[in-house]
2 protein chains.
Amino acid sequence: MADTPYAPSRIRALPSWLLGRAAARGHRLVAEALAAEGMRMMHHAVLCAVAELGPVSQAELGRTVGIDPKDMVAIVNDLQKDGLVTRTPDAKDRRKNAIEISAEGKRRLRRTERLGDAANAELTAALSDEERAQLVALLTRIVTPGE
Amino acid sequence: MADTPYAPSRIRALPSWLLGRAAARGHRLVAEALAAEGMRMMHHAVLCAVAELGPVSQAELGRTVGIDPKDMVAIVNDLQKDGLVTRTPDAKDRRKNAIEISAEGKRRLRRTERLGDAANAELTAALSDEERAQLVALLTRIVTPGE
DNA sequence: AGGGAACCGTGGGTCCCACCAACGTAAGCA
DNA sequence: TGCTTACGTTGGTGGGACCCACGGTTCCCT
């Protein structure tokens with residue numbers, strides 16, 4: 001028999017392993033795509049969330065995208081430095097910063113969304129539309145175990 | 001209106017995002033489980049591969065599990081230090097190390113495999129057996145785009 | 001009204017994973 | 001024989017996720 005160089009290796013069938021591998025490929029594809037605009041995945045995610053939520057505090061932003069407040073500081077710093085969002089102290093609650101997307105941020109977001117979509121298309125190129133939807137549904141149930 | 005704190009946020013439907021989240025949860029669950037035996041995911045994967053492949057070089061090991069040779073060195077060091085594998089110079093090719101699992105390694109592997117399976121069961125607890133198989137099939141096609 | 005609890009933003013740091021560059025040694029091939 | 005390739009090892013970079021602690025602010029309960 002021809003070789004098939006490496007044995008199937010029991011772990012290759014474990015969901016956790018496959019998820020790790022698939023996520024790594026997805027991350028690589030998306031990161032490469034977004035790099036064309038000088039963005040990273042988390043920056044894009046945060047920018048996207050800001051666009052959807054309107055003026056919002058960093059803490060709430062962190063909760064929606066599920067990242068540490070500490071890391072959010074650096075991301076918002078970067079986005080602000082590039083003029084993609086504005087960070088103004090909230091008049092009603094002076095603990096908060098009101099983060100809002102700028103016009104330039106919206107333009108950037110439109111481009112990065114297209115890049116991200118293209119990368120995701122490549123990531124799931126081997127799947128039919130129906131299978132892609134299936135995958136999304138299954139993953140959604142995995143990531144939200146409590147709901 | 002009741003709140004539903006965060007908007008669906010467009011990115012939450014992207015495969016790459018969901019994969020990252022699901023992988024993070026899977027990694028956390030498995031890592032916690034394996035920590036009971038003082039093992040990490042990559043150590044378990046390598047040990048598993050060694051058990052399947054028999055005496056094998058580090059380079060081939062790295063190819064099968066898909067990790068950097070540099071990282072493989074550290075992992076084999078750890079496994080050897082714990083007496084789970086043996087690393088002997090290959091007589092036929094003196095560049096290579098022949099890595100082989102030890103009796104203690106086999107015992108450890110049996111335990112970590114059970115722990116890993118349990119963690120994966122919890123990870124996919126929301127899915128039926130059929131759905132789990134579906135997920136594995138879909139992920140497999142994503143991680144091996146060229147085949 | 002007062003005081004403790006909770007929360008926000010920020011800085012400190014840790015751990016794990018992925019990847020790249022280089023080098024000495026050894027094998028394979030022309 | 002010399003050239004090319006491969007193996008193992010050391011060095012380092014960077015991103016992602018996570019945790020702790022602090023000062024400032026607001027909320028809530030008594």
# chains A, B, ... in the order shown; residues from 1 in each chain; ligands from 1
call {"tool": "residues_around", "arguments": {"residues": "region 90-107 of chain B", "least_positions_apart": "6", "cutoff": "7 Å", "atoms": "only C-alpha atoms (C1' of nucleotides)", "output": "PyMOL selection string"}}
result
(chain B and resi 50-51+54-58+83-84) or (chain C and resi 26) or (chain D and resi 7)
call {"tool": "calpha_fit_and_write", "arguments": {"fixed": "chain A", "moving": "chain B", "output": "tab-separated table (two decimals) with N, CA and C atoms, in the first residue's frame"}}
result
chain	number	residue	atom	x	y	z
B	1	MET	N	3.76	-1.67	0.44
B	1	MET	CA	2.62	-0.78	0.73
B	1	MET	C	3.04	0.68	0.57
B	2	ALA	N	2.16	1.44	0.01
B	2	ALA	CA	2.42	2.87	-0.03
B	2	ALA	C	2.42	3.40	1.41
B	3	ASP	N	2.99	4.52	1.60
B	3	ASP	CA	3.29	4.89	2.98
B	3	ASP	C	2.14	5.51	3.78
B	4	THR	N	1.50	6.54	3.27
B	4	THR	CA	0.59	7.33	4.12
B	4	THR	C	1.34	7.72	5.38
B	5	PRO	N	2.22	8.67	5.24
B	5	PRO	CA	3.26	8.90	6.23
B	5	PRO	C	2.82	8.81	7.67
B	6	TYR	N	1.75	9.47	8.05
B	6	TYR	CA	1.45	9.42	9.48
B	6	TYR	C	0.15	8.66	9.77
B	7	ALA	N	0.22	7.88	10.80
B	7	ALA	CA	-0.95	7.15	11.27
B	7	ALA	C	-2.05	8.14	11.63
B	8	PRO	N	-3.28	7.68	11.60
B	8	PRO	CA	-4.41	8.57	11.87
B	8	PRO	C	-4.31	9.24	13.23
B	9	SER	N	-3.58	8.63	14.11
B	9	SER	CA	-3.31	9.28	15.37
B	9	SER	C	-4.61	9.67	16.07
B	10	ARG	N	-4.93	8.89	17.02
B	10	ARG	CA	-6.18	8.99	17.77
B	10	ARG	C	-6.63	10.42	18.07
B	11	ILE	N	-5.70	11.24	18.40
B	11	ILE	CA	-6.09	12.60	18.77
B	11	ILE	C	-6.67	13.39	17.62
B	12	ARG	N	-6.34	12.98	16.40
B	12	ARG	CA	-6.82	13.74	15.25
B	12	ARG	C	-8.33	13.70	15.11
B	13	ALA	N	-8.98	12.85	15.85
B	13	ALA	CA	-10.44	12.78	15.78
B	13	ALA	C	-11.10	13.50	16.95
B	14	LEU	N	-10.30	14.03	17.86
B	14	LEU	CA	-10.88	14.71	19.01
B	14	LEU	C	-11.34	16.11	18.62
B	15	PRO	N	-12.54	16.47	19.01
B	15	PRO	CA	-13.03	17.82	18.70
B	15	PRO	C	-12.08	18.91	19.17
B	16	SER	N	-11.53	18.75	20.35
B	16	SER	CA	-10.67	19.82	20.86
B	16	SER	C	-9.45	20.00	19.96
B	17	TRP	N	-8.91	18.88	19.47
B	17	TRP	CA	-7.75	18.98	18.60
B	17	TRP	C	-8.12	19.63	17.27
B	18	LEU	N	-9.18	19.16	16.69
B	18	LEU	CA	-9.61	19.71	15.41
B	18	LEU	C	-9.96	21.19	15.54
B	19	LEU	N	-10.60	21.53	16.63
B	19	LEU	CA	-10.94	22.94	16.84
B	19	LEU	C	-9.68	23.79	16.90
B	20	GLY	N	-8.70	23.30	17.62
B	20	GLY	CA	-7.45	24.04	17.72
B	20	GLY	C	-6.80	24.24	16.36
B	21	ARG	N	-6.77	23.18	15.58
B	21	ARG	CA	-6.17	23.26	14.25
B	21	ARG	C	-6.96	24.19	13.34
B	22	ALA	N	-8.26	24.01	13.34
B	22	ALA	CA	-9.10	24.83	12.47
B	22	ALA	C	-9.01	26.30	12.89
B	23	ALA	N	-9.00	26.54	14.18
B	23	ALA	CA	-8.91	27.91	14.65
B	23	ALA	C	-7.58	28.52	14.26
B	24	ALA	N	-6.52	27.73	14.33
B	24	ALA	CA	-5.20	28.23	13.96
B	24	ALA	C	-5.19	28.64	12.49
B	25	ARG	N	-5.77	27.79	11.65
B	25	ARG	CA	-5.81	28.14	10.24
B	25	ARG	C	-6.67	29.37	10.01
B	26	GLY	N	-7.81	29.42	10.65
B	26	GLY	CA	-8.67	30.58	10.50
B	26	GLY	C	-7.98	31.85	10.96
B	27	HIS	N	-7.31	31.75	12.08
B	27	HIS	CA	-6.61	32.91	12.60
B	27	HIS	C	-5.53	33.38	11.63
B	28	ARG	N	-4.82	32.41	11.09
B	28	ARG	CA	-3.75	32.76	10.17
B	28	ARG	C	-4.31	33.47	8.93
B	29	LEU	N	-5.36	32.89	8.36
B	29	LEU	CA	-5.95	33.47	7.16
B	29	LEU	C	-6.48	34.88	7.43
B	30	VAL	N	-7.22	35.02	8.49
B	30	VAL	CA	-7.82	36.32	8.79
B	30	VAL	C	-6.74	37.34	9.13
B	31	ALA	N	-5.77	36.92	9.92
B	31	ALA	CA	-4.71	37.83	10.32
B	31	ALA	C	-3.95	38.33	9.10
B	32	GLU	N	-3.66	37.41	8.18
B	32	GLU	CA	-2.95	37.82	6.97
B	32	GLU	C	-3.78	38.81	6.17
B	33	ALA	N	-5.07	38.54	6.08
B	33	ALA	CA	-5.94	39.43	5.31
B	33	ALA	C	-6.01	40.81	5.95
B	34	LEU	N	-6.20	40.85	7.26
B	34	LEU	CA	-6.35	42.12	7.94
B	34	LEU	C	-5.04	42.90	7.97
B	35	ALA	N	-3.94	42.19	7.88
B	35	ALA	CA	-2.65	42.87	7.92
B	35	ALA	C	-2.51	43.84	6.76
B	36	ALA	N	-3.24	43.57	5.68
B	36	ALA	CA	-3.20	44.49	4.54
B	36	ALA	C	-3.69	45.88	4.93
B	37	GLU	N	-4.51	45.94	5.98
B	37	GLU	CA	-5.00	47.24	6.46
B	37	GLU	C	-4.33	47.61	7.78
B	38	GLY	N	-3.31	46.87	8.14
B	38	GLY	CA	-2.61	47.16	9.38
B	38	GLY	C	-3.43	46.87	10.62
B	39	MET	N	-4.38	45.93	10.48
B	39	MET	CA	-5.23	45.61	11.62
B	39	MET	C	-4.96	44.19	12.10
B	40	ARG	N	-5.28	43.97	13.36
B	40	ARG	CA	-5.23	42.61	13.87
B	40	ARG	C	-6.64	42.16	14.21
B	41	MET	N	-6.79	40.87	14.45
B	41	MET	CA	-8.13	40.32	14.63
B	41	MET	C	-8.91	41.01	15.74
B	42	MET	N	-8.26	41.16	16.86
B	42	MET	CA	-8.97	41.72	18.00
B	42	MET	C	-9.33	43.18	17.77
B	43	HIS	N	-8.46	43.87	17.05
B	43	HIS	CA	-8.76	45.27	16.73
B	43	HIS	C	-10.00	45.35	15.86
B	44	HIS	N	-10.04	44.47	14.88
B	44	HIS	CA	-11.20	44.44	14.00
B	44	HIS	C	-12.46	44.10	14.78
B	45	ALA	N	-12.37	43.13	15.66
B	45	ALA	CA	-13.54	42.72	16.43
B	45	ALA	C	-14.05	43.86	17.30
B	46	VAL	N	-13.11	44.55	17.95
B	46	VAL	CA	-13.52	45.65	18.81
B	46	VAL	C	-14.13	46.77	17.99
B	47	LEU	N	-13.50	47.09	16.88
B	47	LEU	CA	-14.02	48.16	16.03
B	47	LEU	C	-15.42	47.81	15.55
B	48	CYS	N	-15.61	46.56	15.21
B	48	CYS	CA	-16.92	46.08	14.76
B	48	CYS	C	-17.95	46.23	15.88
B	49	ALA	N	-17.56	45.87	17.08
B	49	ALA	CA	-18.48	45.97	18.21
B	49	ALA	C	-18.83	47.42	18.51
B	50	VAL	N	-17.84	48.28	18.43
B	50	VAL	CA	-18.09	49.69	18.68
B	50	VAL	C	-19.09	50.22	17.67
B	51	ALA	N	-18.91	49.84	16.42
B	51	ALA	CA	-19.82	50.32	15.38
B	51	ALA	C	-21.24	49.88	15.65
B	52	GLU	N	-21.40	48.67	16.18
B	52	GLU	CA	-22.75	48.16	16.43
B	52	GLU	C	-23.39	48.77	17.66
B	53	LEU	N	-22.56	48.98	18.68
B	53	LEU	CA	-23.12	49.37	19.97
B	53	LEU	C	-23.20	50.87	20.16
B	54	GLY	N	-22.57	51.63	19.29
B	54	GLY	CA	-22.55	53.07	19.50
B	54	GLY	C	-21.66	53.39	20.69
B	55	PRO	N	-21.84	54.57	21.28
B	55	PRO	CA	-21.00	54.96	22.42
B	55	PRO	C	-21.13	53.94	23.53
B	56	VAL	N	-20.01	53.42	23.97
B	56	VAL	CA	-20.04	52.32	24.92
B	56	VAL	C	-18.78	52.36	25.77
B	57	SER	N	-18.88	51.85	26.96
B	57	SER	CA	-17.72	51.85	27.85
B	57	SER	C	-16.77	50.72	27.47
B	58	GLN	N	-15.54	50.83	27.88
B	58	GLN	CA	-14.56	49.80	27.57
B	58	GLN	C	-14.92	48.48	28.25
B	59	ALA	N	-15.43	48.59	29.46
B	59	ALA	CA	-15.76	47.37	30.19
B	59	ALA	C	-16.84	46.58	29.45
B	60	GLU	N	-17.87	47.30	28.99
B	60	GLU	CA	-18.94	46.58	28.28
B	60	GLU	C	-18.41	46.02	26.98
B	61	LEU	N	-17.56	46.77	26.33
B	61	LEU	CA	-16.93	46.26	25.11
B	61	LEU	C	-16.20	44.96	25.40
B	62	GLY	N	-15.44	44.97	26.47
B	62	GLY	CA	-14.69	43.78	26.83
B	62	GLY	C	-15.61	42.60	27.07
B	63	ARG	N	-16.76	42.86	27.68
B	63	ARG	CA	-17.68	41.76	27.93
B	63	ARG	C	-18.27	41.21	26.65
B	64	THR	N	-18.61	42.10	25.73
B	64	THR	CA	-19.25	41.61	24.52
B	64	THR	C	-18.30	40.79	23.65
B	65	VAL	N	-17.09	41.24	23.51
B	65	VAL	CA	-16.17	40.48	22.66
B	65	VAL	C	-15.38	39.45	23.47
B	66	GLY	N	-15.52	39.51	24.79
B	66	GLY	CA	-14.95	38.47	25.61
B	66	GLY	C	-13.45	38.55	25.76
B	67	ILE	N	-12.92	39.73	25.98
B	67	ILE	CA	-11.49	39.82	26.22
B	67	ILE	C	-11.22	40.57	27.50
B	68	ASP	N	-10.02	40.43	27.99
B	68	ASP	CA	-9.60	40.99	29.26
B	68	ASP	C	-9.56	42.52	29.18
B	69	PRO	N	-10.01	43.19	30.26
B	69	PRO	CA	-9.95	44.65	30.30
B	69	PRO	C	-8.55	45.18	30.00
B	70	LYS	N	-7.59	44.47	30.53
B	70	LYS	CA	-6.20	44.89	30.30
B	70	LYS	C	-5.86	44.96	28.82
B	71	ASP	N	-6.29	43.95	28.09
B	71	ASP	CA	-5.99	43.92	26.67
B	71	ASP	C	-6.81	44.97	25.93
B	72	MET	N	-8.01	45.22	26.44
B	72	MET	CA	-8.86	46.22	25.80
B	72	MET	C	-8.20	47.59	25.82
B	73	VAL	N	-7.53	47.91	26.89
B	73	VAL	CA	-6.86	49.19	26.99
B	73	VAL	C	-5.91	49.39	25.81
B	74	ALA	N	-5.08	48.40	25.58
B	74	ALA	CA	-4.10	48.51	24.50
B	74	ALA	C	-4.78	48.62	23.15
B	75	ILE	N	-5.84	47.85	22.96
B	75	ILE	CA	-6.53	47.87	21.67
B	75	ILE	C	-7.16	49.23	21.42
B	76	VAL	N	-7.86	49.76	22.43
B	76	VAL	CA	-8.49	51.07	22.25
B	76	VAL	C	-7.42	52.13	22.05
B	77	ASN	N	-6.30	51.99	22.75
B	77	ASN	CA	-5.19	52.91	22.52
B	77	ASN	C	-4.80	52.93	21.04
B	78	ASP	N	-4.62	51.75	20.49
B	78	ASP	CA	-4.21	51.66	19.09
B	78	ASP	C	-5.26	52.26	18.17
B	79	LEU	N	-6.50	51.89	18.40
B	79	LEU	CA	-7.58	52.38	17.52
B	79	LEU	C	-7.68	53.91	17.62
B	80	GLN	N	-7.51	54.42	18.82
B	80	GLN	CA	-7.58	55.87	18.99
B	80	GLN	C	-6.41	56.55	18.31
B	81	LYS	N	-5.23	55.93	18.45
B	81	LYS	CA	-4.04	56.51	17.84
B	81	LYS	C	-4.19	56.61	16.32
B	82	ASP	N	-4.90	55.64	15.75
B	82	ASP	CA	-5.12	55.66	14.31
B	82	ASP	C	-6.35	56.47	13.92
B	83	GLY	N	-6.97	57.08	14.92
B	83	GLY	CA	-8.13	57.92	14.61
B	83	GLY	C	-9.36	57.15	14.20
B	84	LEU	N	-9.45	55.89	14.62
B	84	LEU	CA	-10.60	55.08	14.21
B	84	LEU	C	-11.74	55.15	15.22
B	85	VAL	N	-11.40	55.44	16.45
B	85	VAL	CA	-12.44	55.62	17.48
B	85	VAL	C	-12.09	56.86	18.30
B	86	THR	N	-13.11	57.38	18.98
B	86	THR	CA	-12.88	58.47	19.92
B	86	THR	C	-13.14	57.96	21.32
B	87	ARG	N	-12.33	58.46	22.24
B	87	ARG	CA	-12.46	58.02	23.63
B	87	ARG	C	-12.65	59.29	24.45
B	88	THR	N	-13.90	59.49	24.88
B	88	THR	CA	-14.21	60.69	25.66
B	88	THR	C	-14.75	60.28	27.01
B	89	PRO	N	-14.35	61.01	28.06
B	89	PRO	CA	-14.86	60.69	29.40
B	89	PRO	C	-16.37	60.83	29.42
B	90	ASP	N	-17.02	59.87	30.04
B	90	ASP	CA	-18.48	59.88	30.13
B	90	ASP	C	-18.90	60.90	31.17
B	91	ALA	N	-19.79	61.83	30.76
B	91	ALA	CA	-20.21	62.88	31.68
B	91	ALA	C	-21.06	62.31	32.81
B	92	LYS	N	-21.84	61.30	32.49
B	92	LYS	CA	-22.76	60.75	33.51
B	92	LYS	C	-22.03	59.87	34.52
B	93	ASP	N	-21.03	59.17	34.06
B	93	ASP	CA	-20.28	58.28	34.96
B	93	ASP	C	-18.81	58.50	34.70
B	94	ARG	N	-18.21	59.27	35.57
B	94	ARG	CA	-16.86	59.72	35.25
B	94	ARG	C	-15.81	58.61	35.38
B	95	ARG	N	-16.24	57.40	35.77
B	95	ARG	CA	-15.29	56.30	35.73
B	95	ARG	C	-15.11	55.79	34.29
B	96	LYS	N	-16.14	56.00	33.50
B	96	LYS	CA	-16.17	55.36	32.18
B	96	LYS	C	-15.57	56.22	31.08
B	97	ASN	N	-15.13	55.53	30.05
B	97	ASN	CA	-14.81	56.18	28.79
B	97	ASN	C	-15.90	55.81	27.79
B	98	ALA	N	-16.37	56.81	27.08
B	98	ALA	CA	-17.33	56.52	26.02
B	98	ALA	C	-16.55	56.34	24.72
B	99	ILE	N	-16.60	55.11	24.21
B	99	ILE	CA	-15.88	54.80	22.98
B	99	ILE	C	-16.86	54.88	21.82
B	100	GLU	N	-16.46	55.59	20.79
B	100	GLU	CA	-17.34	55.74	19.62
B	100	GLU	C	-16.51	55.66	18.36
B	101	ILE	N	-17.12	55.13	17.31
B	101	ILE	CA	-16.39	54.97	16.06
B	101	ILE	C	-16.39	56.29	15.30
B	102	SER	N	-15.31	56.54	14.59
B	102	SER	CA	-15.20	57.77	13.82
B	102	SER	C	-15.56	57.50	12.36
B	103	ALA	N	-15.63	58.55	11.58
B	103	ALA	CA	-15.93	58.37	10.16
B	103	ALA	C	-14.84	57.55	9.50
B	104	GLU	N	-13.60	57.87	9.85
B	104	GLU	CA	-12.49	57.08	9.32
B	104	GLU	C	-12.58	55.63	9.78
B	105	GLY	N	-13.02	55.44	11.02
B	105	GLY	CA	-13.19	54.10	11.54
B	105	GLY	C	-14.21	53.32	10.73
B	106	LYS	N	-15.27	54.00	10.33
B	106	LYS	CA	-16.30	53.32	9.55
B	106	LYS	C	-15.76	52.89	8.19
B	107	ARG	N	-14.99	53.79	7.61
B	107	ARG	CA	-14.40	53.43	6.30
B	107	ARG	C	-13.47	52.24	6.46
B	108	ARG	N	-12.61	52.30	7.46
B	108	ARG	CA	-11.68	51.19	7.71
B	108	ARG	C	-12.45	49.90	7.96
B	109	LEU	N	-13.49	50.02	8.73
B	109	LEU	CA	-14.28	48.83	9.09
B	109	LEU	C	-14.88	48.18	7.85
B	110	ARG	N	-15.37	49.01	6.94
B	110	ARG	CA	-15.95	48.45	5.71
B	110	ARG	C	-14.92	47.62	4.97
B	111	ARG	N	-13.71	48.15	4.90
B	111	ARG	CA	-12.67	47.40	4.18
B	111	ARG	C	-12.28	46.13	4.92
B	112	THR	N	-12.08	46.25	6.22
B	112	THR	CA	-11.64	45.06	6.97
B	112	THR	C	-12.74	44.00	7.01
B	113	GLU	N	-13.99	44.45	6.98
B	113	GLU	CA	-15.07	43.46	6.96
B	113	GLU	C	-15.02	42.64	5.68
B	114	ARG	N	-14.77	43.33	4.59
B	114	ARG	CA	-14.68	42.59	3.32
B	114	ARG	C	-13.50	41.63	3.34
B	115	LEU	N	-12.38	42.10	3.87
B	115	LEU	CA	-11.21	41.24	3.96
B	115	LEU	C	-11.48	40.03	4.86
B	116	GLY	N	-12.14	40.30	5.98
B	116	GLY	CA	-12.44	39.21	6.90
B	116	GLY	C	-13.40	38.21	6.27
B	117	ASP	N	-14.38	38.70	5.55
B	117	ASP	CA	-15.32	37.79	4.89
B	117	ASP	C	-14.61	36.94	3.86
B	118	ALA	N	-13.71	37.57	3.12
B	118	ALA	CA	-12.98	36.82	2.10
B	118	ALA	C	-12.14	35.72	2.74
B	119	ALA	N	-11.49	36.07	3.83
B	119	ALA	CA	-10.66	35.07	4.53
B	119	ALA	C	-11.52	33.93	5.04
B	120	ASN	N	-12.70	34.25	5.54
B	120	ASN	CA	-13.59	33.20	6.03
B	120	ASN	C	-14.11	32.34	4.89
B	121	ALA	N	-14.29	32.96	3.74
B	121	ALA	CA	-14.72	32.19	2.59
B	121	ALA	C	-13.64	31.19	2.21
B	122	GLU	N	-12.39	31.65	2.26
B	122	GLU	CA	-11.31	30.73	1.93
B	122	GLU	C	-11.19	29.64	2.98
B	123	LEU	N	-11.37	30.04	4.23
B	123	LEU	CA	-11.27	29.07	5.32
B	123	LEU	C	-12.27	27.93	5.14
B	124	THR	N	-13.46	28.27	4.71
B	124	THR	CA	-14.52	27.27	4.59
B	124	THR	C	-14.79	26.94	3.13
B	125	ALA	N	-13.76	27.09	2.32
B	125	ALA	CA	-13.95	26.88	0.88
B	125	ALA	C	-14.36	25.45	0.56
B	126	ALA	N	-13.95	24.53	1.42
B	126	ALA	CA	-14.25	23.12	1.14
B	126	ALA	C	-15.69	22.77	1.48
B	127	LEU	N	-16.42	23.71	2.06
B	127	LEU	CA	-17.78	23.42	2.52
B	127	LEU	C	-18.83	24.08	1.61
B	128	SER	N	-19.95	23.42	1.50
B	128	SER	CA	-21.07	24.03	0.78
B	128	SER	C	-21.73	25.06	1.69
B	129	ASP	N	-22.60	25.86	1.13
B	129	ASP	CA	-23.27	26.88	1.93
B	129	ASP	C	-24.03	26.25	3.09
B	130	GLU	N	-24.66	25.15	2.77
B	130	GLU	CA	-25.44	24.48	3.80
B	130	GLU	C	-24.54	23.96	4.92
B	131	GLU	N	-23.42	23.39	4.51
B	131	GLU	CA	-22.51	22.85	5.51
B	131	GLU	C	-21.91	23.97	6.36
B	132	ARG	N	-21.65	25.08	5.71
B	132	ARG	CA	-21.10	26.22	6.44
B	132	ARG	C	-22.09	26.66	7.52
B	133	ALA	N	-23.34	26.73	7.15
B	133	ALA	CA	-24.37	27.13	8.12
B	133	ALA	C	-24.46	26.11	9.26
B	134	GLN	N	-24.35	24.84	8.88
B	134	GLN	CA	-24.35	23.79	9.89
B	134	GLN	C	-23.21	23.98	10.88
B	135	LEU	N	-22.04	24.22	10.32
B	135	LEU	CA	-20.86	24.40	11.16
B	135	LEU	C	-21.06	25.56	12.12
B	136	VAL	N	-21.52	26.67	11.60
B	136	VAL	CA	-21.75	27.85	12.45
B	136	VAL	C	-22.73	27.53	13.56
B	137	ALA	N	-23.78	26.80	13.22
B	137	ALA	CA	-24.79	26.46	14.22
B	137	ALA	C	-24.20	25.58	15.31
B	138	LEU	N	-23.43	24.59	14.89
B	138	LEU	CA	-22.84	23.67	15.87
B	138	LEU	C	-21.85	24.41	16.76
B	139	LEU	N	-21.01	25.23	16.15
B	139	LEU	CA	-20.00	25.95	16.93
B	139	LEU	C	-20.68	26.89	17.92
B	140	THR	N	-21.74	27.53	17.47
B	140	THR	CA	-22.44	28.46	18.36
B	140	THR	C	-22.92	27.75	19.62
B	141	ARG	N	-23.38	26.53	19.44
B	141	ARG	CA	-23.86	25.80	20.61
B	141	ARG	C	-22.71	25.35	21.49
B	142	ILE	N	-21.55	25.21	20.93
B	142	ILE	CA	-20.40	24.81	21.74
B	142	ILE	C	-19.85	25.97	22.56
B	143	VAL	N	-19.85	27.14	21.95
B	143	VAL	CA	-19.23	28.27	22.65
B	143	VAL	C	-20.15	28.86	23.70
B	144	THR	N	-21.43	28.59	23.63
B	144	THR	CA	-22.36	29.11	24.63
B	144	THR	C	-23.01	27.94	25.34
B	145	PRO	N	-22.24	27.30	26.21
B	145	PRO	CA	-22.72	26.07	26.84
B	145	PRO	C	-23.87	26.32	27.81
B	146	GLY	N	-23.88	27.49	28.41
B	146	GLY	CA	-24.84	27.72	29.47
B	146	GLY	C	-26.19	28.23	29.00
B	147	GLU	N	-26.33	28.47	27.70
B	147	GLU	CA	-27.57	29.12	27.25
B	147	GLU	C	-28.50	28.19	26.49
call {"tool": "select_by_dssp", "arguments": {"residues": "chain A", "states": "alpha helix (DSSP H)", "output": "number ranges by chain"}}
result
A: 15-35, 41-53, 58-65, 69-81, 103-123, 129-143
call {"tool": "select_by_dssp", "arguments": {"residues": "chain B", "states": "strand (DSSP E)", "output": "list in words"}}
result
Val85, Thr86, Arg87, Thr88, Pro89, Asn97, Ala98, Ile99, Glu100 and Ile101 of chain B
call {"tool": "write_last_selection", "arguments": {"atoms": "all heavy atoms", "output": "short mmCIF file (atom, residue, chain, number, x, y, z; two decimals), in the first residue's frame"}}
result
data_model
loop_
_atom_site.label_atom_id
_atom_site.label_comp_id
_atom_site.auth_asym_id
_atom_site.auth_seq_id
_atom_site.Cartn_x
_atom_site.Cartn_y
_atom_site.Cartn_z
N VAL B 85 9.32 8.81 27.98
CA VAL B 85 9.86 8.35 26.70
C VAL B 85 11.37 8.17 26.85
O VAL B 85 12.00 8.72 27.76
CB VAL B 85 9.59 9.36 25.55
CG1 VAL B 85 8.11 9.60 25.39
CG2 VAL B 85 10.33 10.65 25.80
N THR B 86 11.93 7.39 25.93
CA THR B 86 13.39 7.26 25.87
C THR B 86 13.88 7.91 24.59
O THR B 86 13.21 7.86 23.56
CB THR B 86 13.80 5.78 25.87
OG1 THR B 86 13.19 5.14 24.74
CG2 THR B 86 13.34 5.09 27.14
N ARG B 87 15.04 8.53 24.71
CA ARG B 87 15.60 9.23 23.56
C ARG B 87 17.00 8.64 23.36
O ARG B 87 17.92 8.96 24.10
CB ARG B 87 15.68 10.71 23.85
CG ARG B 87 16.21 11.57 22.72
CD ARG B 87 16.71 12.88 23.28
NE ARG B 87 15.87 14.02 22.92
CZ ARG B 87 15.70 15.07 23.69
NH1 ARG B 87 16.24 15.11 24.88
NH2 ARG B 87 14.97 16.09 23.28
N THR B 88 17.12 7.80 22.33
CA THR B 88 18.40 7.16 22.07
C THR B 88 18.87 7.53 20.68
O THR B 88 18.06 7.59 19.75
CB THR B 88 18.27 5.63 22.17
OG1 THR B 88 17.21 5.20 21.31
CG2 THR B 88 17.97 5.21 23.59
N PRO B 89 20.17 7.78 20.53
CA PRO B 89 20.69 8.11 19.19
C PRO B 89 20.44 6.96 18.24
O PRO B 89 20.62 5.80 18.57
CB PRO B 89 22.18 8.34 19.44
CG PRO B 89 22.46 7.82 20.81
CD PRO B 89 21.19 7.84 21.56
N ASN B 97 17.38 11.23 16.66
CA ASN B 97 17.09 10.59 17.94
C ASN B 97 15.90 9.66 17.74
O ASN B 97 14.91 10.05 17.13
CB ASN B 97 16.73 11.64 18.99
CG ASN B 97 17.92 12.46 19.41
OD1 ASN B 97 19.05 12.00 19.31
ND2 ASN B 97 17.67 13.67 19.86
N ALA B 98 16.03 8.46 18.27
CA ALA B 98 14.89 7.55 18.22
C ALA B 98 14.11 7.72 19.52
O ALA B 98 14.60 7.43 20.60
CB ALA B 98 15.37 6.11 18.07
N ILE B 99 12.89 8.23 19.36
CA ILE B 99 12.03 8.45 20.53
C ILE B 99 11.09 7.27 20.67
O ILE B 99 10.45 6.85 19.71
CB ILE B 99 11.21 9.75 20.36
CG1 ILE B 99 12.10 10.90 19.92
CG2 ILE B 99 10.49 10.08 21.65
CD1 ILE B 99 13.14 11.29 20.91
N GLU B 100 11.02 6.75 21.87
CA GLU B 100 10.14 5.59 22.11
C GLU B 100 9.47 5.76 23.46
O GLU B 100 10.03 6.33 24.39
CB GLU B 100 10.97 4.30 22.08
CG GLU B 100 10.15 3.06 21.86
CD GLU B 100 11.04 1.88 21.44
OE1 GLU B 100 12.27 2.07 21.35
OE2 GLU B 100 10.51 0.80 21.20
N ILE B 101 8.25 5.24 23.54
CA ILE B 101 7.49 5.38 24.78
C ILE B 101 7.94 4.31 25.77
O ILE B 101 8.29 3.19 25.38
CB ILE B 101 5.98 5.29 24.52
CG1 ILE B 101 5.18 5.74 25.75
CG2 ILE B 101 5.60 3.88 24.11
CD1 ILE B 101 3.71 5.95 25.47
#
call {"tool": "residues_around", "arguments": {"residues": "region 14-17 of chain C", "least_positions_apart": "4", "cutoff": "9 Å", "atoms": "only C-alpha atoms (C1' of nucleotides)", "output": "list in words"}}
result
DG16, DA17, DC18 and DC19 of chain D
call {"tool": "write_last_selection", "arguments": {"atoms": "C-alpha atoms (C1' of nucleotides)", "output": "short mmCIF file (atom, residue, chain, number, x, y, z; two decimals), in the first residue's frame"}}
result
data_model
loop_
_atom_site.label_atom_id
_atom_site.label_comp_id
_atom_site.auth_asym_id
_atom_site.auth_seq_id
_atom_site.Cartn_x
_atom_site.Cartn_y
_atom_site.Cartn_z
"C1'" DG D 16 -3.64 35.66 22.91
"C1'" DA D 17 -5.60 34.67 27.32
"C1'" DC D 18 -5.47 35.28 32.12
"C1'" DC D 19 -4.78 37.14 37.00
#
